[in-house]
file protein.cif (mmCIF, C-alpha atoms)
data_start
#
loop_
_atom_site.label_atom_id
_atom_site.label_comp_id
_atom_site.auth_asym_id
_atom_site.auth_seq_id
_atom_site.Cartn_x
_atom_site.Cartn_y
_atom_site.Cartn_z
CA MET A 1 -25.56 -17.88 -27.72
CA THR A 2 -24.26 -20.00 -24.86
CA THR A 3 -26.28 -21.18 -21.88
CA GLU A 4 -24.82 -21.95 -18.46
CA ASN A 5 -26.53 -23.93 -15.73
CA VAL A 6 -25.94 -23.24 -12.05
CA GLU A 7 -27.83 -23.94 -8.87
CA ILE A 8 -27.83 -20.35 -7.60
CA LEU A 9 -27.07 -17.16 -9.54
CA ILE A 10 -26.02 -14.13 -7.49
CA VAL A 11 -26.19 -10.69 -9.08
CA GLY A 12 -23.66 -8.37 -7.43
CA ALA A 13 -20.30 -8.97 -5.76
CA GLY A 14 -20.58 -6.48 -2.90
CA PRO A 15 -20.81 -7.58 0.75
CA SER A 16 -24.30 -9.06 0.40
CA GLY A 17 -23.58 -11.19 -2.65
CA SER A 18 -20.14 -12.15 -1.36
CA VAL A 19 -21.28 -13.58 1.98
CA ALA A 20 -24.07 -15.45 0.18
CA ALA A 21 -21.61 -16.85 -2.36
CA GLY A 22 -19.03 -17.80 0.24
CA TYR A 23 -21.56 -19.59 2.42
CA LEU A 24 -23.20 -21.49 -0.44
CA HIS A 25 -19.87 -22.54 -1.92
CA ARG A 26 -18.86 -23.99 1.44
CA GLN A 27 -22.09 -26.01 1.38
CA GLY A 28 -21.17 -27.53 -1.99
CA ILE A 29 -23.58 -25.46 -4.08
CA LYS A 30 -22.67 -24.50 -7.66
CA VAL A 31 -22.78 -20.70 -7.56
CA LYS A 32 -22.15 -18.05 -10.19
CA VAL A 33 -21.70 -14.37 -9.34
CA VAL A 34 -22.09 -11.66 -11.98
CA GLU A 35 -20.99 -8.09 -11.25
CA LYS A 36 -21.74 -5.17 -13.57
CA THR A 37 -18.74 -3.04 -12.58
CA LYS A 38 -15.01 -3.58 -12.57
CA PHE A 39 -13.33 -3.74 -9.17
CA PRO A 40 -11.94 -1.77 -7.44
CA ARG A 41 -14.65 0.89 -7.44
CA ILE A 42 -15.52 3.57 -4.90
CA VAL A 43 -18.73 3.13 -2.91
CA VAL A 44 -20.04 4.22 0.47
CA GLY A 45 -20.51 1.94 3.46
CA GLU A 46 -16.97 2.29 4.79
CA SER A 47 -17.64 2.08 8.51
CA LEU A 48 -18.88 -1.39 9.43
CA ILE A 49 -20.69 -2.41 12.61
CA PRO A 50 -19.93 -5.50 14.73
CA ARG A 51 -22.85 -7.68 13.57
CA VAL A 52 -21.29 -8.00 10.10
CA MET A 53 -18.34 -9.91 11.56
CA ASP A 54 -20.59 -12.90 12.25
CA HIS A 55 -21.46 -13.05 8.55
CA PHE A 56 -17.89 -12.70 7.26
CA GLU A 57 -16.85 -15.49 9.61
CA GLU A 58 -19.66 -17.83 8.53
CA ALA A 59 -18.87 -17.16 4.87
CA GLY A 60 -15.22 -18.15 5.39
CA LEU A 61 -13.90 -14.67 4.60
CA MET A 62 -12.33 -13.67 7.93
CA PRO A 63 -8.75 -14.91 7.38
CA ALA A 64 -8.44 -13.03 4.09
CA LEU A 65 -9.90 -9.86 5.60
CA GLN A 66 -7.76 -9.99 8.73
CA ALA A 67 -4.68 -10.13 6.52
CA GLN A 68 -5.57 -6.69 5.10
CA ASN A 69 -4.87 -4.91 8.42
CA TYR A 70 -7.85 -2.58 8.20
CA GLU A 71 -8.39 0.01 10.92
CA GLN A 72 -10.15 -1.60 13.85
CA LYS A 73 -13.29 0.22 14.94
CA TRP A 74 -14.20 -0.02 18.61
CA GLY A 75 -17.03 2.46 18.80
CA ALA A 76 -18.69 5.66 17.60
CA ARG A 77 -18.32 9.27 18.67
CA PHE A 78 -21.04 11.91 18.35
CA ILE A 79 -19.94 15.55 18.61
CA ARG A 80 -22.31 18.47 19.10
CA GLY A 81 -20.45 21.68 19.78
CA GLU A 82 -18.71 21.19 23.11
CA GLU A 83 -20.69 18.03 23.89
CA VAL A 84 -19.26 14.60 23.10
CA CYS A 85 -20.94 11.19 23.42
CA ILE A 86 -18.89 8.03 22.83
CA PHE A 87 -20.30 4.52 22.50
CA ASP A 88 -17.87 1.68 23.22
CA PHE A 89 -19.01 -1.56 21.57
CA SER A 90 -17.45 -3.62 24.40
CA GLU A 91 -20.04 -2.09 26.75
CA LYS A 92 -23.11 -3.02 24.69
CA PHE A 93 -26.09 -4.91 26.13
CA SER A 94 -26.22 -7.75 23.60
CA LYS A 95 -23.67 -10.52 23.20
CA GLY A 96 -21.57 -10.42 20.07
CA TRP A 97 -18.50 -8.85 18.53
CA ASP A 98 -17.00 -5.88 20.37
CA TRP A 99 -15.25 -4.42 17.33
CA THR A 100 -15.27 -4.30 13.56
CA TRP A 101 -13.39 -2.47 10.76
CA GLN A 102 -13.31 0.86 8.99
CA VAL A 103 -12.50 0.10 5.38
CA PRO A 104 -11.88 1.83 2.05
CA ARG A 105 -14.59 -0.07 0.23
CA ALA A 106 -12.70 -0.13 -3.07
CA ASP A 107 -9.94 -2.15 -1.42
CA PHE A 108 -12.25 -4.12 0.84
CA ASP A 109 -14.66 -5.32 -1.85
CA LEU A 110 -11.74 -6.27 -4.10
CA ALA A 111 -10.14 -8.30 -1.29
CA VAL A 112 -13.43 -10.11 -0.72
CA ALA A 113 -13.93 -10.77 -4.43
CA ASP A 114 -10.36 -12.07 -4.78
CA GLU A 115 -10.99 -14.47 -1.92
CA LEU A 116 -14.17 -15.77 -3.55
CA ILE A 117 -12.19 -16.45 -6.71
CA ASN A 118 -9.49 -18.15 -4.64
CA MET A 119 -12.20 -20.39 -3.20
CA GLY A 120 -13.05 -21.48 -6.74
CA ILE A 121 -16.25 -19.47 -7.15
CA ASP A 122 -17.16 -18.37 -10.67
CA LEU A 123 -17.20 -14.56 -10.39
CA GLU A 124 -17.63 -12.60 -13.61
CA PHE A 125 -16.91 -8.85 -13.63
CA GLU A 126 -18.25 -6.29 -16.12
CA SER A 127 -21.25 -8.44 -16.91
CA GLU A 128 -24.63 -6.73 -17.03
CA VAL A 129 -28.00 -8.36 -16.50
CA MET A 130 -30.25 -7.45 -19.44
CA ALA A 131 -33.36 -9.50 -18.66
CA VAL A 132 -34.68 -12.20 -16.33
CA GLU A 133 -37.48 -14.66 -17.01
CA PHE A 134 -38.98 -16.91 -14.34
CA ASP A 135 -40.65 -20.26 -14.77
CA GLY A 136 -41.73 -21.16 -11.27
CA THR A 137 -38.59 -21.04 -9.18
CA GLN A 138 -36.37 -21.55 -12.24
CA SER A 139 -34.88 -18.45 -13.81
CA THR A 140 -33.20 -17.67 -17.11
CA THR A 141 -31.03 -14.55 -16.94
CA THR A 142 -29.72 -12.83 -20.05
CA ILE A 143 -26.26 -11.34 -19.53
CA ARG A 144 -23.99 -9.17 -21.66
CA ASP A 145 -20.32 -9.64 -20.80
CA LYS A 146 -17.43 -7.16 -21.11
CA ASP A 147 -16.81 -8.24 -24.71
CA GLY A 148 -20.39 -7.53 -25.67
CA GLN A 149 -21.27 -11.21 -25.94
CA ILE A 150 -24.79 -12.23 -24.92
CA LYS A 151 -25.36 -15.42 -22.95
CA LYS A 152 -27.96 -16.98 -20.72
CA VAL A 153 -27.65 -18.40 -17.21
CA GLN A 154 -30.25 -20.83 -15.95
CA ALA A 155 -30.55 -21.14 -12.19
CA GLN A 156 -32.76 -22.80 -9.62
CA PHE A 157 -32.72 -19.63 -7.52
CA LEU A 158 -31.58 -16.02 -8.01
CA ILE A 159 -30.24 -13.73 -5.28
CA ASP A 160 -30.31 -10.07 -6.30
CA ALA A 161 -27.45 -8.39 -4.44
CA SER A 162 -27.01 -5.69 -7.07
CA GLY A 163 -27.12 -2.79 -4.62
CA TYR A 164 -28.00 0.54 -6.19
CA GLY A 165 -28.07 -1.24 -9.56
CA ARG A 166 -31.41 -2.60 -8.27
CA VAL A 167 -31.69 -5.17 -11.06
CA LEU A 168 -34.88 -7.00 -10.12
CA PRO A 169 -36.68 -3.96 -8.64
CA ARG A 170 -36.07 -2.25 -11.98
CA LEU A 171 -36.98 -5.21 -14.21
CA LEU A 172 -39.98 -6.35 -12.15
CA ASN A 173 -41.25 -2.88 -11.12
CA LEU A 174 -40.76 -3.50 -7.40
CA ASP A 175 -39.62 -0.03 -6.28
CA GLU A 176 -41.71 2.06 -3.91
CA PRO A 177 -41.07 5.36 -2.09
CA SER A 178 -39.01 5.27 1.09
CA ARG A 179 -40.67 6.15 4.39
CA LEU A 180 -37.73 8.40 5.25
CA ASN A 181 -37.50 12.07 4.32
CA PRO A 182 -35.29 12.89 1.33
CA HIS A 183 -31.65 13.27 2.35
CA SER A 184 -28.46 13.43 0.30
CA ALA A 185 -24.74 13.11 0.93
CA ILE A 186 -21.41 14.22 -0.55
CA PHE A 187 -18.13 12.50 0.34
CA THR A 188 -14.49 12.06 -0.58
CA HIS A 189 -11.21 10.82 0.90
CA ILE A 190 -8.46 13.04 2.32
CA LYS A 191 -4.85 12.22 3.15
CA ASP A 192 -5.18 12.75 6.90
CA ILE A 193 -1.80 14.33 7.71
CA ASN A 194 -3.21 16.10 10.77
CA ARG A 195 -4.80 13.03 12.41
CA PRO A 196 -4.25 13.03 16.21
CA GLU A 197 -2.48 10.07 17.78
CA GLY A 198 -4.29 7.49 19.87
CA ARG A 199 -7.97 6.61 19.85
CA GLU A 200 -8.88 8.94 16.97
CA GLY A 201 -8.43 6.21 14.36
CA THR A 202 -10.57 3.62 16.13
CA LEU A 203 -13.86 5.57 16.02
CA ILE A 204 -16.23 6.82 13.42
CA SER A 205 -17.12 10.41 14.31
CA PHE A 206 -20.33 12.30 13.64
CA ASP A 207 -20.11 16.08 13.95
CA ILE A 208 -23.64 17.44 14.29
CA LEU A 209 -23.80 20.81 12.54
CA GLU A 210 -27.59 21.11 12.84
CA THR A 211 -30.20 18.66 14.10
CA GLN A 212 -30.55 17.10 10.63
CA VAL A 213 -27.10 17.93 9.25
CA TRP A 214 -23.93 16.08 10.17
CA LEU A 215 -20.41 15.41 9.00
CA TRP A 216 -18.95 11.89 9.00
CA VAL A 217 -15.26 11.25 9.59
CA ILE A 218 -13.99 7.67 9.04
CA PRO A 219 -10.23 7.12 9.48
CA PHE A 220 -8.54 4.28 7.56
CA SER A 221 -5.34 2.40 8.35
CA ASN A 222 -3.77 3.60 5.07
CA GLY A 223 -3.57 7.16 6.39
CA ASN A 224 -6.58 8.42 4.47
CA THR A 225 -9.90 9.44 5.98
CA SER A 226 -13.38 9.46 4.48
CA VAL A 227 -15.19 12.76 5.05
CA GLY A 228 -18.82 13.29 4.09
CA ILE A 229 -21.68 15.68 4.69
CA VAL A 230 -25.27 14.43 5.13
CA GLY A 231 -28.44 16.44 5.38
CA PRO A 232 -31.82 17.20 3.84
CA THR A 233 -31.49 17.34 0.07
CA VAL A 234 -32.48 21.02 0.03
CA PHE A 235 -29.64 21.84 2.43
CA ILE A 236 -27.07 19.84 0.45
CA GLU A 237 -28.07 21.54 -2.80
CA GLN A 238 -27.59 24.97 -1.21
CA LEU A 239 -23.99 24.29 -0.18
CA SER A 240 -22.70 25.28 -3.62
CA SER A 241 -24.03 27.89 -6.04
CA ASP A 242 -22.27 26.31 -9.02
CA ALA A 243 -23.29 22.66 -8.38
CA SER A 244 -19.67 21.78 -7.63
CA THR A 245 -19.43 18.86 -5.21
CA ALA A 246 -15.93 19.97 -4.20
CA THR A 247 -17.16 23.46 -3.30
CA ALA A 248 -20.14 22.02 -1.44
CA LEU A 249 -18.04 19.68 0.67
CA ARG A 250 -15.43 22.38 1.33
CA ASN A 251 -18.20 24.69 2.54
CA ALA A 252 -19.59 21.92 4.73
CA ILE A 253 -16.23 21.28 6.38
CA ALA A 254 -15.95 25.01 7.06
CA LEU A 255 -19.11 24.77 9.18
CA SER A 256 -17.38 22.37 11.58
CA ASP A 257 -15.55 24.01 14.47
CA TYR A 258 -14.10 20.60 15.33
CA TYR A 259 -12.73 19.62 11.90
CA ILE A 260 -12.05 22.87 10.05
CA GLN A 261 -8.40 23.00 11.18
CA ARG A 262 -7.79 19.31 10.46
CA PHE A 263 -9.31 19.14 6.98
CA GLY A 264 -10.07 22.71 5.88
CA THR A 265 -7.14 23.24 3.50
CA LEU A 266 -6.23 19.65 2.57
CA PRO A 267 -6.79 18.51 -1.03
CA PHE A 268 -9.40 15.90 -1.90
CA ILE A 269 -8.06 12.58 -3.20
CA PHE A 270 -10.93 12.31 -5.69
CA GLU A 271 -13.71 14.60 -6.85
CA PRO A 272 -16.39 14.36 -4.14
CA ILE A 273 -19.26 12.03 -5.00
CA LYS A 274 -22.86 13.08 -4.45
CA LEU A 275 -25.59 10.63 -3.47
CA SER A 276 -28.97 12.27 -4.00
CA ASN A 277 -32.10 11.07 -2.19
CA TYR A 278 -30.36 7.84 -1.27
CA SER A 279 -33.11 6.11 0.76
CA LYS A 280 -34.77 3.23 -1.14
CA ALA A 281 -37.59 0.75 -0.54
CA VAL A 282 -39.40 -2.06 -2.36
CA LYS A 283 -42.90 -3.51 -2.55
CA GLN A 284 -41.66 -7.00 -1.70
CA MET A 285 -38.35 -8.57 -0.68
CA TYR A 286 -38.77 -11.93 -2.40
CA GLY A 287 -40.75 -13.76 -5.03
CA GLN A 288 -41.00 -17.22 -6.50
CA GLY A 289 -37.41 -18.08 -7.36
CA TYR A 290 -35.68 -14.95 -6.08
CA SER A 291 -34.81 -12.75 -3.11
CA LEU A 292 -33.69 -9.15 -2.84
CA THR A 293 -30.81 -8.41 -0.50
CA GLY A 294 -28.87 -5.38 0.69
CA ASN A 295 -29.40 -2.09 -1.12
CA SER A 296 -31.34 -3.79 -3.91
CA SER A 297 -34.18 -3.99 -1.40
CA GLU A 298 -33.95 -1.33 1.34
CA PHE A 299 -31.40 1.39 2.03
CA LEU A 300 -32.15 3.59 5.01
CA ASP A 301 -29.55 6.21 5.93
CA PRO A 302 -25.80 6.26 6.63
CA VAL A 303 -26.14 7.81 10.09
CA PHE A 304 -25.67 4.54 12.03
CA SER A 305 -23.76 2.60 9.35
CA SER A 306 -26.54 0.04 9.01
CA GLY A 307 -26.20 -0.49 5.24
CA VAL A 308 -23.54 -3.20 5.15
CA CYS A 309 -25.09 -4.89 8.19
CA PHE A 310 -28.45 -5.29 6.44
CA ALA A 311 -26.62 -6.31 3.28
CA THR A 312 -24.75 -9.16 4.92
CA GLU A 313 -27.68 -10.16 7.15
CA SER A 314 -30.02 -10.45 4.18
CA GLY A 315 -27.38 -12.04 1.96
CA MET A 316 -26.58 -14.74 4.50
CA LEU A 317 -30.22 -15.42 5.35
CA SER A 318 -31.18 -15.60 1.66
CA ALA A 319 -28.40 -18.09 1.05
CA LYS A 320 -29.50 -20.32 3.93
CA LEU A 321 -33.16 -20.29 2.93
CA ALA A 322 -32.38 -20.86 -0.74
CA LEU A 323 -30.16 -23.81 0.21
CA ARG A 324 -32.97 -25.36 2.23
CA GLN A 325 -35.36 -24.86 -0.67
CA LEU A 326 -32.94 -26.50 -3.10
CA ARG A 327 -32.74 -29.47 -0.76
CA GLY A 328 -36.50 -29.94 -0.89
CA GLU A 329 -37.48 -28.28 2.39
CA ALA A 330 -40.51 -26.04 2.66
CA VAL A 331 -39.48 -22.43 3.25
CA ASP A 332 -41.90 -19.75 4.40
CA TRP A 333 -40.18 -16.76 2.79
CA GLU A 334 -42.70 -14.32 4.22
CA VAL A 335 -42.09 -15.31 7.83
CA GLU A 336 -38.50 -16.51 7.71
CA TYR A 337 -37.15 -13.79 5.43
CA ALA A 338 -39.39 -10.76 4.86
CA ASP A 339 -40.82 -10.54 8.37
CA TYR A 340 -37.43 -11.15 9.96
CA MET A 341 -35.64 -8.52 7.88
CA LYS A 342 -38.47 -6.02 8.35
CA GLU A 343 -38.13 -6.34 12.13
CA GLY A 344 -34.52 -5.20 12.00
CA ILE A 345 -35.28 -2.54 9.40
CA ALA A 346 -38.10 -1.19 11.60
CA VAL A 347 -35.75 -0.83 14.58
CA PHE A 348 -33.14 1.07 12.63
CA THR A 349 -35.81 3.14 10.88
CA THR A 350 -37.10 4.29 14.26
CA TYR A 351 -33.61 5.23 15.41
CA ILE A 352 -32.96 7.15 12.20
CA GLN A 353 -36.27 8.99 12.39
CA GLU A 354 -35.75 9.84 16.05
CA TRP A 355 -32.22 11.00 15.28
CA TYR A 356 -33.54 13.54 12.78
CA THR A 357 -36.35 14.69 15.12
CA GLY A 358 -33.67 15.33 17.74
CA ASN A 359 -35.20 12.93 20.27
CA LEU A 360 -32.36 10.42 20.11
CA GLN A 361 -29.83 13.23 20.42
CA GLU A 362 -31.53 14.21 23.69
CA LEU A 363 -30.72 10.74 25.04
CA PHE A 364 -27.15 10.82 23.74
CA TYR A 365 -26.24 14.07 25.47
CA HIS A 366 -28.29 13.83 28.65
CA LYS A 367 -26.21 14.27 31.81
CA PRO A 368 -25.51 12.42 33.95
CA GLU A 369 -25.23 9.45 31.62
CA ASN A 370 -27.31 6.38 32.36
CA PRO A 371 -24.94 3.41 31.72
CA ASP A 372 -27.82 0.94 31.40
CA VAL A 373 -29.64 2.99 28.79
CA LYS A 374 -26.39 3.67 26.97
CA SER A 375 -25.45 -0.04 26.80
CA LYS A 376 -28.82 -0.91 25.28
CA ILE A 377 -28.62 1.82 22.67
CA CYS A 378 -25.03 0.73 21.98
CA ALA A 379 -26.26 -2.78 21.14
CA VAL A 380 -28.55 -1.30 18.48
CA LEU A 381 -25.69 0.78 17.06
CA ALA A 382 -23.61 -2.42 16.92
CA GLY A 383 -26.27 -4.01 14.70
CA TYR A 384 -27.89 -6.41 17.17
CA VAL A 385 -31.36 -5.19 16.24
CA TRP A 386 -33.02 -8.60 16.47
CA ASP A 387 -32.21 -9.08 20.18
CA LYS A 388 -35.66 -8.78 21.74
CA GLU A 389 -34.23 -9.15 25.22
CA ASN A 390 -33.14 -5.56 24.70
CA PRO A 391 -36.10 -3.27 25.52
CA PHE A 392 -34.60 -0.66 23.19
CA VAL A 393 -35.21 -3.19 20.41
CA LEU A 394 -38.48 -4.66 21.63
CA LYS A 395 -40.12 -1.27 22.34
CA HIS A 396 -38.15 0.78 19.82
CA ASP A 397 -41.23 2.60 18.56
CA LYS A 398 -41.98 4.07 22.00
CA VAL A 399 -38.96 4.06 24.28
CA ILE A 400 -36.85 6.78 22.62
CA LYS A 401 -39.75 9.18 22.18
CA ASN A 402 -40.96 8.64 25.75
CA MET A 403 -37.52 9.07 27.32
CA ALA A 404 -36.82 12.18 25.25
CA HIS A 405 -40.13 13.63 26.44
CA LEU A 406 -39.17 13.03 30.08
CA ILE A 407 -35.76 14.66 29.54
CA LYS A 408 -37.40 17.73 28.00
CA LEU A 409 -39.85 17.98 30.94
CA GLU A 410 -36.90 17.72 33.33
CA LYS A 411 -35.16 20.58 31.55
CA GLU A 412 -38.31 22.72 31.63
CA ASN A 413 -38.68 22.15 35.37
CA GLN A 414 -35.06 23.07 35.99
CA GLU A 415 -35.51 26.32 34.09
CA LYS A 416 -38.54 27.36 36.16
#
call {"tool": "encode", "arguments": {"input": "protein.cif", "output": "structure tokens"}}
result
Amino acid sequence: MTTENVEILIVGAGPSGSVAAGYLHRQGIKVKVVEKTKFPRIVVGESLIPRVMDHFEEAGLMPALQAQNYEQKWGARFIRGEEVCIFDFSEKFSKGWDWTWQVPRADFDLAVADELINMGIDLEFESEVMAVEFDGTQSTTTIRDKDGQIKKVQAQFLIDASGYGRVLPRLLNLDEPSRLNPHSAIFTHIKDINRPEGREGTLISFDILETQVWLWVIPFSNGNTSVGIVGPTVFIEQLSSDASTATALRNAIALSDYYIQRFGTLPFIFEPIKLSNYSKAVKQMYGQGYSLTGNSSEFLDPVFSSGVCFATESGMLSAKLALRQLRGEAVDWEVEYADYMKEGIAVFTTYIQEWYTGNLQELFYHKPENPDVKSKICAVLAGYVWDKENPFVLKHDKVIKNMAHLIKLEKENQEK
């Protein structure tokens, strides 16, 4: 059995692990990345939000990604019957990127991984973590590679970016129930031969079928579009009597007056994938010698595309704090990592919860529009959920509920 020694071991080569690896490599740190799967592979998280661009830039990945010519995303559209609400990222309250990308994740993650390898980073595919032992901040990780060979990797710090593989939560019993109600999703890709010209490709669209049920539509630059249905798990399970994901998604598309003509009869590129009860949470986000990032810690809901944003935010922050620790600095992981990440998670959790209560939808569709309110909500949707100059961040737990209540009172008075 061989033993390797590195400064930092990263488990997972998705967005979280990749930005961490890219950043640390640029700082001269000896990094190893192990990834259980073989790329390319299909995953969700295809519509990014602007905050992630800061992380790709800092990790040195932007030139390689720009060369891929992904569809630029300038905003989000929410459709509810005849009502339409569009958020333009260039009109957001907070400073930051005004656009991002919509990406087929199979291609995107492979492009990122290839760039890490081009940088000289040791990235090992089809290698599964079997066990991890900690001795203080030092870790010894047992890995089985694609040839079935067992080896050990000793590291001074371990970043778990394993996503839904949830390596350390599984091995260390760190999982706990999510605070969000159980929801599920089914999605596939469709060759979008009926896509309208113009702005259609630059937006993610949400077609609200019921208060808690919505269809996502994410156009890609390759001519394909990701289409998915999201709703309470009970609703998703009732879409098909024979448990067929294809039948379920076809039935969901048929419920959409807006998209039935565009997608109703088109074939699916791959058998639709079902994600059951996708929300995840953990008891703690770090420990002596390790941190949990991205979906290996918390996954909320796809409704505002926050998944990759939290993945890259936590991956980059973990890398920076681990680097400081390696250099002998004192790091308060509770304050500088857990508390910080929980602040952003709390903001998005509120928005997700208030979306499903219908309160946030009241704000979206209220007429006449309030440009100031809309710009502040737009900043949250763009991922700038740590900007406490934005009252819709600072008072997130009250402002949406209170404003929705006022709108409902206004409607009641008008009806009298």
call {"tool": "closest_residue", "arguments": {"input": "protein.cif", "among": "A:Gln102, A:Ser221, A:Thr312, A:Ser184", "to": "A:Phe235", "atoms": "all atoms listed in the file"}}
result
A:Ser184
call {"tool": "residues_around", "arguments": {"input": "protein.cif", "residues": "stretch 63-74 of chain A", "least_positions_apart": "6", "cutoff": "9 Å", "atoms": "all atoms listed in the file", "output": "list in words"}}
result
Ser47, Leu48, Ile49, Pro50, Phe56, Glu57, Phe87, Asp88, Phe89, Ser90, Asp98, Trp99, Thr100, Trp101, Gln102, Val103, Pro104, Phe108, Ala111, Val112, Glu115, Gly201, Thr202, Leu203, Ile204, Pro219, Phe220, Ser221 and Asn222 of chain A
call {"tool": "write_last_selection", "arguments": {"input": "protein.cif", "atoms": "C-alpha atoms", "output": "JSON list (two decimals), in the frame of the given file"}}
result
[["chain", "number", "residue", "atom", "x", "y", "z"],
["A", 47, "SER", "CA", -17.64, 2.08, 8.51],
["A", 48, "LEU", "CA", -18.88, -1.39, 9.43],
["A", 49, "ILE", "CA", -20.69, -2.41, 12.61],
["A", 50, "PRO", "CA", -19.93, -5.50, 14.73],
["A", 56, "PHE", "CA", -17.89, -12.70, 7.26],
["A", 57, "GLU", "CA", -16.85, -15.49, 9.61],
["A", 87, "PHE", "CA", -20.30, 4.52, 22.50],
["A", 88, "ASP", "CA", -17.87, 1.68, 23.22],
["A", 89, "PHE", "CA", -19.01, -1.56, 21.57],
["A", 90, "SER", "CA", -17.45, -3.62, 24.40],
["A", 98, "ASP", "CA", -17.00, -5.88, 20.37],
["A", 99, "TRP", "CA", -15.25, -4.42, 17.33],
["A", 100, "THR", "CA", -15.27, -4.30, 13.56],
["A", 101, "TRP", "CA", -13.39, -2.47, 10.76],
["A", 102, "GLN", "CA", -13.31, 0.86, 8.99],
["A", 103, "VAL", "CA", -12.50, 0.10, 5.38],
["A", 104, "PRO", "CA", -11.88, 1.83, 2.05],
["A", 108, "PHE", "CA", -12.25, -4.12, 0.84],
["A", 111, "ALA", "CA", -10.14, -8.30, -1.29],
["A", 112, "VAL", "CA", -13.43, -10.11, -0.72],
["A", 115, "GLU", "CA", -10.99, -14.47, -1.92],
["A", 201, "GLY", "CA", -8.43, 6.21, 14.36],
["A", 202, "THR", "CA", -10.57, 3.62, 16.13],
["A", 203, "LEU", "CA", -13.86, 5.57, 16.02],
["A", 204, "ILE", "CA", -16.23, 6.82, 13.42],
["A", 219, "PRO", "CA", -10.23, 7.12, 9.48],
["A", 220, "PHE", "CA", -8.54, 4.28, 7.56],
["A", 221, "SER", "CA", -5.34, 2.40, 8.35],
["A", 222, "ASN", "CA", -3.77, 3.60, 5.07]]
call {"tool": "atom_distance", "arguments": {"input": "protein.cif", "atom1": "atom CA of A:Asn390", "atom2": "atom CA of A:Ser306"}}
result
17.9 Å
call {"tool": "atom_distance", "arguments": {"input": "protein.cif", "atom1": "atom CA of A:Ala246", "atom2": "atom CA of A:Lys191"}}
result
15.4 Å
call {"tool": "atom_distance", "arguments": {"input": "protein.cif", "atom1": "atom CA of A:Met316", "atom2": "atom CA of A:Arg105"}}
result
19.4 Å
call {"tool": "resolve_selection", "arguments": {"input": "protein.cif", "expression": "the PyMOL selection byres ((chain A and resi 302-304) around 10)", "output": "compact mmCIF listing (two decimals) with C-alpha atoms, keeping the file's coordinate frame"}}
result
# COMPACT_ATOMS: atom_id res chain seq x y z
CA VAL A 44 -20.04 4.22 0.47
CA GLY A 45 -20.51 1.94 3.46
CA GLU A 46 -16.97 2.29 4.79
CA SER A 47 -17.64 2.08 8.51
CA LEU A 48 -18.88 -1.39 9.43
CA ILE A 49 -20.69 -2.41 12.61
CA ALA A 76 -18.69 5.66 17.60
CA SER A 184 -28.46 13.43 0.30
CA ALA A 185 -24.74 13.11 0.93
CA ILE A 204 -16.23 6.82 13.42
CA PHE A 206 -20.33 12.30 13.64
CA TRP A 214 -23.93 16.08 10.17
CA LEU A 215 -20.41 15.41 9.00
CA TRP A 216 -18.95 11.89 9.00
CA VAL A 230 -25.27 14.43 5.13
CA TYR A 278 -30.36 7.84 -1.27
CA SER A 279 -33.11 6.11 0.76
CA PHE A 299 -31.40 1.39 2.03
CA LEU A 300 -32.15 3.59 5.01
CA ASP A 301 -29.55 6.21 5.93
CA SER A 305 -23.76 2.60 9.35
CA SER A 306 -26.54 0.04 9.01
CA GLY A 307 -26.20 -0.49 5.24
CA VAL A 308 -23.54 -3.20 5.15
CA PHE A 348 -33.14 1.07 12.63
CA TYR A 351 -33.61 5.23 15.41
CA ILE A 352 -32.96 7.15 12.20
CA TRP A 355 -32.22 11.00 15.28
CA TYR A 356 -33.54 13.54 12.78
CA VAL A 380 -28.55 -1.30 18.48
CA LEU A 381 -25.69 0.78 17.06
CA ALA A 382 -23.61 -2.42 16.92
CA GLY A 383 -26.27 -4.01 14.70
call {"tool": "closest_residue", "arguments": {"input": "protein.cif", "among": "A:Leu110, A:Ala330, A:Leu275, A:Leu266", "to": "A:Ile193", "atoms": "only C-alpha atoms"}}
result
A:Leu266
